[in-house]
Every structure is written in C-alpha cells, then in structure tokens.
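File shown: coords.txt (compact mmCIF, N, CA and C atoms).
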```
# COMPACT_ATOMS: atom_id res chain seq x y z
N MET A 1 144.95 205.09 114.40
CA MET A 1 144.61 206.45 114.08
C MET A 1 145.68 207.42 114.53
N GLY A 2 146.43 207.07 115.54
CA GLY A 2 147.62 207.83 115.86
C GLY A 2 147.43 209.00 116.80
N SER A 3 146.29 209.62 116.84
CA SER A 3 146.09 210.78 117.71
C SER A 3 145.83 210.32 119.13
N SER A 4 145.95 211.23 120.06
CA SER A 4 145.86 210.88 121.47
C SER A 4 144.44 210.56 121.91
N SER A 5 143.44 210.97 121.16
CA SER A 5 142.07 210.69 121.58
C SER A 5 141.14 210.59 120.38
N LEU A 6 140.04 209.94 120.62
CA LEU A 6 139.04 209.78 119.57
C LEU A 6 138.47 211.13 119.15
N SER A 7 138.25 212.02 120.11
CA SER A 7 137.69 213.33 119.75
C SER A 7 138.68 214.12 118.89
N GLU A 8 139.98 213.96 119.17
CA GLU A 8 140.99 214.63 118.36
C GLU A 8 141.00 214.04 116.94
N ASP A 9 140.89 212.71 116.83
CA ASP A 9 140.83 212.07 115.51
C ASP A 9 139.62 212.59 114.73
N TYR A 10 138.49 212.71 115.42
CA TYR A 10 137.28 213.19 114.75
C TYR A 10 137.45 214.63 114.30
N ARG A 11 138.01 215.47 115.17
CA ARG A 11 138.23 216.87 114.82
C ARG A 11 139.15 216.98 113.61
N LEU A 12 140.22 216.20 113.58
CA LEU A 12 141.14 216.22 112.45
C LEU A 12 140.45 215.76 111.17
N CYS A 13 139.59 214.77 111.27
CA CYS A 13 138.84 214.30 110.11
C CYS A 13 137.94 215.41 109.58
N LEU A 14 137.24 216.10 110.47
CA LEU A 14 136.37 217.20 110.05
C LEU A 14 137.18 218.32 109.39
N GLU A 15 138.33 218.62 109.94
CA GLU A 15 139.18 219.67 109.37
C GLU A 15 139.69 219.27 107.98
N ARG A 16 140.03 217.99 107.79
CA ARG A 16 140.45 217.51 106.46
C ARG A 16 139.32 217.69 105.45
N GLU A 17 138.11 217.33 105.86
CA GLU A 17 136.95 217.48 104.97
C GLU A 17 136.73 218.95 104.62
N LEU A 18 136.90 219.84 105.61
CA LEU A 18 136.72 221.26 105.38
C LEU A 18 137.77 221.80 104.40
N ARG A 19 139.02 221.36 104.55
CA ARG A 19 140.07 221.79 103.61
C ARG A 19 139.79 221.31 102.19
N ARG A 20 139.07 220.20 102.07
CA ARG A 20 138.70 219.69 100.75
C ARG A 20 137.45 220.39 100.20
N GLY A 21 136.96 221.35 100.96
CA GLY A 21 135.78 222.10 100.53
C GLY A 21 134.47 221.47 100.92
N ARG A 22 134.51 220.50 101.82
CA ARG A 22 133.29 219.81 102.25
C ARG A 22 133.15 219.93 103.76
N ALA A 23 132.34 220.85 104.20
CA ALA A 23 132.06 220.98 105.64
C ALA A 23 130.93 220.04 105.97
N GLY A 24 131.25 218.78 106.11
CA GLY A 24 130.22 217.77 106.36
C GLY A 24 130.67 216.77 107.39
N VAL A 25 130.02 215.64 107.36
CA VAL A 25 130.32 214.60 108.33
C VAL A 25 131.66 213.95 107.99
N CYS A 26 132.27 213.34 108.97
CA CYS A 26 133.56 212.69 108.78
C CYS A 26 133.41 211.50 107.85
N GLY A 27 134.24 211.46 106.82
CA GLY A 27 134.14 210.40 105.83
C GLY A 27 135.14 209.27 106.01
N ASP A 28 135.95 209.31 107.05
CA ASP A 28 136.96 208.28 107.27
C ASP A 28 136.28 206.98 107.71
N PRO A 29 136.31 205.94 106.85
CA PRO A 29 135.59 204.70 107.17
C PRO A 29 136.10 204.00 108.43
N SER A 30 137.40 204.04 108.69
CA SER A 30 137.91 203.37 109.89
C SER A 30 137.46 204.11 111.15
N LEU A 31 137.46 205.43 111.12
CA LEU A 31 136.99 206.20 112.27
C LEU A 31 135.49 206.01 112.46
N ARG A 32 134.74 205.99 111.39
CA ARG A 32 133.30 205.77 111.49
C ARG A 32 133.01 204.39 112.08
N ALA A 33 133.81 203.38 111.72
CA ALA A 33 133.62 202.03 112.26
C ALA A 33 133.88 202.01 113.77
N VAL A 34 134.93 202.71 114.21
CA VAL A 34 135.24 202.78 115.63
C VAL A 34 134.11 203.48 116.38
N LEU A 35 133.64 204.59 115.84
CA LEU A 35 132.54 205.33 116.48
C LEU A 35 131.28 204.48 116.55
N TRP A 36 130.99 203.76 115.49
CA TRP A 36 129.80 202.89 115.46
C TRP A 36 129.91 201.83 116.55
N GLN A 37 131.07 201.21 116.66
CA GLN A 37 131.29 200.17 117.66
C GLN A 37 131.07 200.72 119.06
N ILE A 38 131.58 201.91 119.30
CA ILE A 38 131.41 202.54 120.62
C ILE A 38 129.94 202.82 120.89
N LEU A 39 129.24 203.36 119.90
CA LEU A 39 127.82 203.66 120.09
C LEU A 39 127.01 202.42 120.38
N VAL A 40 127.36 201.31 119.76
CA VAL A 40 126.60 200.07 119.95
C VAL A 40 126.94 199.40 121.28
N GLU A 41 128.22 199.39 121.66
CA GLU A 41 128.65 198.55 122.78
C GLU A 41 128.84 199.28 124.10
N ASP A 42 129.02 200.58 124.11
CA ASP A 42 129.37 201.29 125.34
C ASP A 42 128.11 201.75 126.08
N PHE A 43 127.68 200.94 127.04
CA PHE A 43 126.46 201.27 127.76
C PHE A 43 126.63 202.48 128.68
N ASP A 44 127.86 202.76 129.11
CA ASP A 44 128.10 203.99 129.87
C ASP A 44 127.83 205.21 129.00
N LEU A 45 128.19 205.11 127.73
CA LEU A 45 127.92 206.20 126.80
C LEU A 45 126.42 206.41 126.64
N HIS A 46 125.66 205.31 126.60
CA HIS A 46 124.20 205.44 126.50
C HIS A 46 123.67 206.25 127.67
N GLY A 47 124.22 206.02 128.86
CA GLY A 47 123.80 206.80 130.02
C GLY A 47 124.20 208.25 129.89
N ALA A 48 125.41 208.49 129.38
CA ALA A 48 125.87 209.88 129.19
C ALA A 48 125.01 210.61 128.18
N LEU A 49 124.54 209.88 127.18
CA LEU A 49 123.65 210.48 126.19
C LEU A 49 122.22 210.59 126.71
N GLN A 50 122.04 210.17 127.94
CA GLN A 50 120.72 210.17 128.59
C GLN A 50 119.74 209.37 127.75
N ASP A 51 120.23 208.27 127.19
CA ASP A 51 119.44 207.35 126.37
C ASP A 51 118.81 208.03 125.15
N ASP A 52 119.31 209.21 124.77
CA ASP A 52 118.76 209.89 123.60
C ASP A 52 118.94 209.07 122.33
N ALA A 53 120.10 208.46 122.16
CA ALA A 53 120.34 207.67 120.96
C ALA A 53 119.34 206.52 120.87
N LEU A 54 119.11 205.84 121.98
CA LEU A 54 118.15 204.74 121.98
C LEU A 54 116.73 205.24 121.77
N ALA A 55 116.41 206.38 122.35
CA ALA A 55 115.08 206.96 122.16
C ALA A 55 114.86 207.33 120.70
N LEU A 56 115.88 207.90 120.06
CA LEU A 56 115.77 208.27 118.65
C LEU A 56 115.61 207.02 117.78
N LEU A 57 116.38 205.98 118.08
CA LEU A 57 116.25 204.73 117.32
C LEU A 57 114.86 204.13 117.49
N THR A 58 114.40 204.07 118.73
CA THR A 58 113.07 203.51 119.00
C THR A 58 112.00 204.32 118.30
N ASP A 59 112.09 205.63 118.39
CA ASP A 59 111.11 206.52 117.77
C ASP A 59 111.09 206.32 116.25
N GLY A 60 112.26 206.21 115.66
CA GLY A 60 112.34 206.07 114.21
C GLY A 60 111.91 204.72 113.68
N LEU A 61 111.95 203.70 114.53
CA LEU A 61 111.60 202.35 114.07
C LEU A 61 110.22 201.89 114.52
N TRP A 62 109.64 202.61 115.48
CA TRP A 62 108.36 202.19 116.06
C TRP A 62 107.27 202.11 114.99
N GLY A 63 106.63 200.97 114.91
CA GLY A 63 105.50 200.78 114.02
C GLY A 63 105.86 200.62 112.56
N ARG A 64 107.14 200.50 112.25
CA ARG A 64 107.57 200.34 110.85
C ARG A 64 107.58 198.86 110.50
N ALA A 65 106.81 198.48 109.51
CA ALA A 65 106.74 197.08 109.09
C ALA A 65 108.01 196.66 108.36
N ASP A 66 108.55 197.55 107.54
CA ASP A 66 109.74 197.24 106.76
C ASP A 66 110.92 198.01 107.36
N LEU A 67 111.83 197.29 108.01
CA LEU A 67 112.91 197.95 108.72
C LEU A 67 113.98 198.54 107.81
N ALA A 68 114.20 197.97 106.63
CA ALA A 68 115.27 198.47 105.76
C ALA A 68 115.08 199.95 105.40
N PRO A 69 113.93 200.37 104.88
CA PRO A 69 113.78 201.80 104.59
C PRO A 69 113.75 202.66 105.85
N ALA A 70 113.25 202.11 106.94
CA ALA A 70 113.24 202.87 108.20
C ALA A 70 114.66 203.12 108.68
N LEU A 71 115.52 202.11 108.58
CA LEU A 71 116.92 202.28 108.98
C LEU A 71 117.65 203.25 108.06
N ARG A 72 117.35 203.21 106.76
CA ARG A 72 117.96 204.18 105.83
C ARG A 72 117.52 205.59 106.17
N GLY A 73 116.25 205.76 106.50
CA GLY A 73 115.74 207.08 106.90
C GLY A 73 116.39 207.58 108.17
N LEU A 74 116.56 206.67 109.14
CA LEU A 74 117.25 207.05 110.38
C LEU A 74 118.70 207.42 110.11
N ALA A 75 119.36 206.69 109.24
CA ALA A 75 120.76 207.01 108.92
C ALA A 75 120.84 208.41 108.32
N ARG A 76 119.94 208.75 107.40
CA ARG A 76 119.94 210.10 106.82
C ARG A 76 119.66 211.15 107.89
N ALA A 77 118.73 210.85 108.80
CA ALA A 77 118.40 211.80 109.87
C ALA A 77 119.60 212.01 110.79
N PHE A 78 120.28 210.93 111.17
CA PHE A 78 121.46 211.08 112.03
C PHE A 78 122.56 211.85 111.31
N GLU A 79 122.73 211.62 110.02
CA GLU A 79 123.73 212.37 109.27
C GLU A 79 123.40 213.85 109.23
N LEU A 80 122.11 214.19 109.08
CA LEU A 80 121.72 215.59 109.06
C LEU A 80 121.92 216.24 110.44
N LEU A 81 121.59 215.52 111.51
CA LEU A 81 121.84 216.04 112.85
C LEU A 81 123.34 216.22 113.09
N GLU A 82 124.13 215.25 112.64
CA GLU A 82 125.58 215.38 112.77
C GLU A 82 126.10 216.57 111.98
N LEU A 83 125.57 216.76 110.79
CA LEU A 83 125.99 217.88 109.95
C LEU A 83 125.68 219.22 110.63
N ALA A 84 124.52 219.32 111.26
CA ALA A 84 124.17 220.54 111.98
C ALA A 84 125.18 220.80 113.10
N ALA A 85 125.55 219.76 113.83
CA ALA A 85 126.52 219.91 114.91
C ALA A 85 127.90 220.26 114.36
N VAL A 86 128.27 219.65 113.25
CA VAL A 86 129.57 219.92 112.63
C VAL A 86 129.64 221.37 112.17
N HIS A 87 128.57 221.86 111.57
CA HIS A 87 128.56 223.26 111.12
C HIS A 87 128.75 224.20 112.30
N LEU A 88 128.10 223.92 113.41
CA LEU A 88 128.27 224.77 114.59
C LEU A 88 129.68 224.66 115.16
N TYR A 89 130.25 223.49 115.07
CA TYR A 89 131.60 223.28 115.59
C TYR A 89 132.66 223.97 114.73
N LEU A 90 132.53 223.84 113.41
CA LEU A 90 133.55 224.38 112.51
C LEU A 90 133.30 225.82 112.10
N LEU A 91 132.04 226.20 111.98
CA LEU A 91 131.70 227.51 111.42
C LEU A 91 130.65 228.23 112.27
N PRO A 92 130.89 228.42 113.56
CA PRO A 92 129.84 228.97 114.44
C PRO A 92 129.45 230.40 114.11
N TRP A 93 130.28 231.12 113.40
CA TRP A 93 130.01 232.52 113.09
C TRP A 93 129.11 232.69 111.87
N ARG A 94 128.86 231.62 111.13
CA ARG A 94 128.08 231.74 109.90
C ARG A 94 126.60 231.98 110.21
N LYS A 95 126.07 233.05 109.68
CA LYS A 95 124.70 233.48 109.95
C LYS A 95 123.67 232.40 109.57
N GLU A 96 123.94 231.67 108.48
CA GLU A 96 122.94 230.69 108.02
C GLU A 96 122.75 229.53 108.98
N PHE A 97 123.65 229.36 109.96
CA PHE A 97 123.51 228.27 110.92
C PHE A 97 122.82 228.71 112.20
N THR A 98 122.45 229.98 112.30
CA THR A 98 121.79 230.45 113.51
C THR A 98 120.29 230.18 113.51
N THR A 99 119.72 229.87 112.35
CA THR A 99 118.29 229.61 112.25
C THR A 99 118.04 228.31 111.50
N ILE A 100 117.13 227.52 112.02
CA ILE A 100 116.69 226.30 111.33
C ILE A 100 115.22 226.45 111.05
N LYS A 101 114.87 226.41 109.78
CA LYS A 101 113.46 226.49 109.39
C LYS A 101 112.83 225.11 109.59
N THR A 102 111.74 225.08 110.34
CA THR A 102 111.09 223.80 110.66
C THR A 102 109.90 223.51 109.76
N PHE A 103 109.76 224.28 108.69
CA PHE A 103 108.61 224.10 107.79
C PHE A 103 109.03 223.64 106.40
N SER A 104 110.31 223.44 106.16
CA SER A 104 110.74 223.06 104.82
C SER A 104 112.10 222.37 104.87
N GLY A 105 112.59 222.00 103.73
CA GLY A 105 113.94 221.46 103.59
C GLY A 105 114.15 220.16 104.32
N GLY A 106 115.40 219.96 104.75
CA GLY A 106 115.78 218.72 105.40
C GLY A 106 115.04 218.47 106.70
N TYR A 107 114.63 219.54 107.38
CA TYR A 107 113.90 219.36 108.63
C TYR A 107 112.61 218.58 108.39
N VAL A 108 111.89 218.97 107.34
CA VAL A 108 110.62 218.31 107.04
C VAL A 108 110.84 217.00 106.29
N HIS A 109 111.67 217.03 105.26
CA HIS A 109 111.78 215.89 104.36
C HIS A 109 112.67 214.77 104.88
N VAL A 110 113.59 215.07 105.78
CA VAL A 110 114.47 214.03 106.30
C VAL A 110 114.16 213.75 107.77
N LEU A 111 114.17 214.78 108.59
CA LEU A 111 114.04 214.59 110.03
C LEU A 111 112.63 214.23 110.47
N LYS A 112 111.65 215.05 110.10
CA LYS A 112 110.27 214.80 110.54
C LYS A 112 109.67 213.56 109.91
N GLY A 113 110.29 213.09 108.83
CA GLY A 113 109.81 211.86 108.21
C GLY A 113 110.06 210.63 109.07
N VAL A 114 111.03 210.72 109.99
CA VAL A 114 111.36 209.54 110.78
C VAL A 114 111.39 209.77 112.29
N LEU A 115 111.44 211.03 112.73
CA LEU A 115 111.55 211.31 114.16
C LEU A 115 110.44 212.25 114.63
N SER A 116 110.05 212.09 115.88
CA SER A 116 108.99 212.94 116.43
C SER A 116 109.50 214.36 116.66
N GLU A 117 108.59 215.28 116.62
CA GLU A 117 108.91 216.70 116.85
C GLU A 117 109.55 216.90 118.22
N ASP A 118 109.05 216.19 119.22
CA ASP A 118 109.58 216.32 120.58
C ASP A 118 111.05 215.92 120.64
N LEU A 119 111.41 214.78 120.04
CA LEU A 119 112.80 214.34 120.07
C LEU A 119 113.70 215.23 119.22
N LEU A 120 113.17 215.73 118.11
CA LEU A 120 113.96 216.66 117.30
C LEU A 120 114.27 217.93 118.08
N LEU A 121 113.27 218.45 118.75
CA LEU A 121 113.48 219.67 119.54
C LEU A 121 114.52 219.42 120.64
N LYS A 122 114.43 218.29 121.33
CA LYS A 122 115.42 217.96 122.37
C LYS A 122 116.82 217.86 121.78
N SER A 123 116.95 217.25 120.61
CA SER A 123 118.26 217.11 119.97
C SER A 123 118.84 218.48 119.62
N PHE A 124 118.02 219.34 119.03
CA PHE A 124 118.51 220.67 118.66
C PHE A 124 118.76 221.55 119.88
N GLN A 125 117.99 221.35 120.95
CA GLN A 125 118.25 222.10 122.18
C GLN A 125 119.62 221.75 122.74
N LYS A 126 120.04 220.50 122.62
CA LYS A 126 121.37 220.11 123.11
C LYS A 126 122.47 220.78 122.30
N MET A 127 122.16 221.20 121.07
CA MET A 127 123.13 221.92 120.25
C MET A 127 123.07 223.42 120.50
N GLY A 128 122.09 223.87 121.30
CA GLY A 128 122.01 225.29 121.63
C GLY A 128 120.87 226.04 120.96
N TYR A 129 119.97 225.32 120.31
CA TYR A 129 118.85 225.98 119.64
C TYR A 129 117.64 226.04 120.56
N VAL A 130 116.83 227.09 120.39
CA VAL A 130 115.56 227.23 121.10
C VAL A 130 114.48 227.51 120.07
N ARG A 131 113.26 227.17 120.43
CA ARG A 131 112.14 227.43 119.50
C ARG A 131 111.86 228.92 119.51
N ARG A 132 111.96 229.54 118.35
CA ARG A 132 111.66 230.98 118.22
C ARG A 132 110.17 231.16 118.00
N ASP A 133 109.58 230.32 117.15
CA ASP A 133 108.15 230.32 116.88
C ASP A 133 107.81 228.97 116.27
N ASN A 134 106.63 228.83 115.70
CA ASN A 134 106.22 227.55 115.13
C ASN A 134 106.97 227.18 113.86
N HIS A 135 107.78 228.10 113.33
CA HIS A 135 108.44 227.87 112.05
C HIS A 135 109.96 227.89 112.12
N ARG A 136 110.52 228.24 113.29
CA ARG A 136 111.98 228.38 113.36
C ARG A 136 112.54 227.99 114.71
N LEU A 137 113.75 227.43 114.65
CA LEU A 137 114.59 227.26 115.82
C LEU A 137 115.74 228.24 115.65
N MET A 138 116.15 228.88 116.73
CA MET A 138 117.25 229.84 116.64
C MET A 138 118.32 229.47 117.64
N LEU A 139 119.54 229.72 117.26
CA LEU A 139 120.67 229.45 118.13
C LEU A 139 120.62 230.42 119.30
N HIS A 140 120.85 229.91 120.48
CA HIS A 140 120.77 230.69 121.70
C HIS A 140 122.13 230.66 122.37
N TRP A 141 122.84 231.80 122.37
CA TRP A 141 124.17 231.88 122.96
C TRP A 141 124.16 232.75 124.18
N GLN A 142 124.64 232.23 125.28
CA GLN A 142 124.83 232.98 126.51
C GLN A 142 123.62 233.84 126.87
N GLY A 143 122.47 233.22 126.75
CA GLY A 143 121.25 233.93 127.13
C GLY A 143 120.76 234.94 126.10
N LEU A 144 121.48 235.11 125.00
CA LEU A 144 121.07 236.05 123.97
C LEU A 144 120.72 235.30 122.71
N CYS A 145 119.52 235.47 122.24
CA CYS A 145 119.11 234.83 121.01
C CYS A 145 119.35 235.80 119.86
N PRO A 146 120.27 235.46 118.93
CA PRO A 146 120.52 236.40 117.83
C PRO A 146 119.27 236.58 116.99
N VAL A 147 119.02 237.78 116.59
CA VAL A 147 117.85 238.08 115.79
C VAL A 147 118.29 238.39 114.36
N HIS A 148 117.87 237.53 113.47
CA HIS A 148 118.14 237.71 112.05
C HIS A 148 116.84 237.55 111.32
N SER A 149 116.69 238.27 110.25
CA SER A 149 115.49 238.08 109.44
C SER A 149 115.68 236.81 108.63
N GLY A 150 114.60 236.15 108.28
CA GLY A 150 114.72 234.93 107.50
C GLY A 150 113.62 234.08 107.75
```
Kindly transcribe the structure held in the file into structure tokens.
Amino acid sequence: MGSSSLSEDYRLCLERELRRGRAGVCGDPSLRAVLWQILVEDFDLHGALQDDALALLTDGLWGRADLAPALRGLARAFELLELAAVHLYLLPWRKEFTTIKTFSGGYVHVLKGVLSEDLLLKSFQKMGYVRRDNHRLMLHWQGLCPVHSG
C-alpha cells in the first residue's frame, strides 16, 4: 500500500472515492482485505473496541436460523455505520449529517432490522451523536447540540 500507516491508507482511499464523486466506504479490495484480517485476528483491537464489534456480531446473529441472510444484513448494517462515520470524517460541516432520523430510512430498514436499539445508540454515541428525542439522534459537539429543524 505504500503509505506509512493503515489509517493513512484508509484516509487516502476515502479521499479518492470523494474525488470520484462518491463519499462512501473505501472500495479498495486489498485495503478492505487487510482491515478484515485485522478485525478478525487482532484480539488487542477487540479490547480497544471494548468488544463492540463482537457484541454487534452476536446481536445480529442471535437466534437466526439461516446465517447467510443474517450475515448479509450485518454487512449492510456495518457499511451504513461506516458510511455515517465517513461522512462525519470527510464532510463534518454538512447540515444533513447532524441529524439521524430513527423512524425511517436506513436506520429502520437496515440497522434496526439486524441490531438492537441499545447497540445502535452506543455505536452512534461513539461517533458523537446523542438522543434528541424518540425520533432523532443529533450530533453533539463540544457540549453544544446544534439545533436544526427536520
């Protein structure tokens, strides 16, 4: 990959995607393979993540008789969570990323379909969101919650 660190490689991948007009997850297959390997094998990382990744996997697979669709649902959920983090990383000033509606869209159809509300809230809190009410999460910066209508 050539860069001095994995985080730098990831940042460069995200910037390439943004220049192509796609502010989304990193599409570099070799980088994704390296990241996957680290997530699977690095138990120190599991501790740093406070076992959140394992909790999310367990939550998404618990009680599922057919693992194939459950794993596909989890993959979509992780991609959506990654996309939320990428948007905050690349475009933190964009108003549309300050509020997440918890009653519609990807939150309901992708995330809540496979993950518990408690784990979703914890994941979004790590990105800086707080529950505004029963229908919205809002980005919370430096003790100030921006107020936007929506």
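Pairwise distance (CA of Leu80 in chain A, CA of Glu8 in chain A) equals 21.4 Å.
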TODO: Provide the CA of Ile38 in chain A to CA of Leu74 in chain A distance in Å, to one decimal place.
DONE: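 Going from CA of Ile38 in chain A over to CA of Leu74 in chain A, I get 18.0 Å.
Interatomic distance, CA of Lys101 in chain A against atom N of Gly24 in chain A: 19.7 Å.
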Open item on the list: Residues within 8 Å of range 68-73 of chain A, please, as a PyMOL selection string. Count only N, CA and C atoms; anything in the same chain fewer than 2 positions from it doesn't count.
Closed with: chain A and resi 60-61+64-66+75-79+110-111+113-115
- [ ] Report the residues of chain A whose backbone DSSP state falls under strand (DSSP E), written as a list in words.
- [x]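 Matching residues for strand (DSSP E) in chain A are Thr99, Ile100, Lys101, Tyr129, Val130, Arg131, Arg132, Asp133, Arg136, Leu137, Met138 and Leu139 of chain A.
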- [ ] Determine which residues of range 23-137 of chain A DSSP labels as alpha helix (DSSP H) from the backbone of this structure, then write them out as a PyMOL selection string.
- [x] chain A and resi 29-41+43-48+52-61+67-90+105-106+117-126
Task: Which residue of A:Ser5, A:Asn134, A:Gln37, A:Gln125 approaches Thr102 in chain A most closely, using all atoms listed in the file - done: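 Result for the nearest residue to Thr102 in chain A: A:Asn134.
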TODO: Please return, as a count of residues only, all polymer residues that have at least one atom within 12 Å of the point (106.1, 225.1, 106.5); use only C-alpha atoms and the file's own coordinate frame.
DONE: 15
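The protein and nucleic acid residues lying at most 12 Å from Leu18 in chain A are A:Arg11, A:Leu12, A:Gly24, A:Val25, A:Cys26, A:Gly27, A:Val86, A:His87, A:Tyr89, A:Leu90, A:Leu91, with only C-alpha atoms considered and sequence neighbours fewer than 6 positions away removed.
Closest approach to Asp9 in chain A from the set A:Lys122, A:Tyr129, A:Leu137, A:Leu31 is made by A:Leu31, with distances taken over only N, CA and C atoms.
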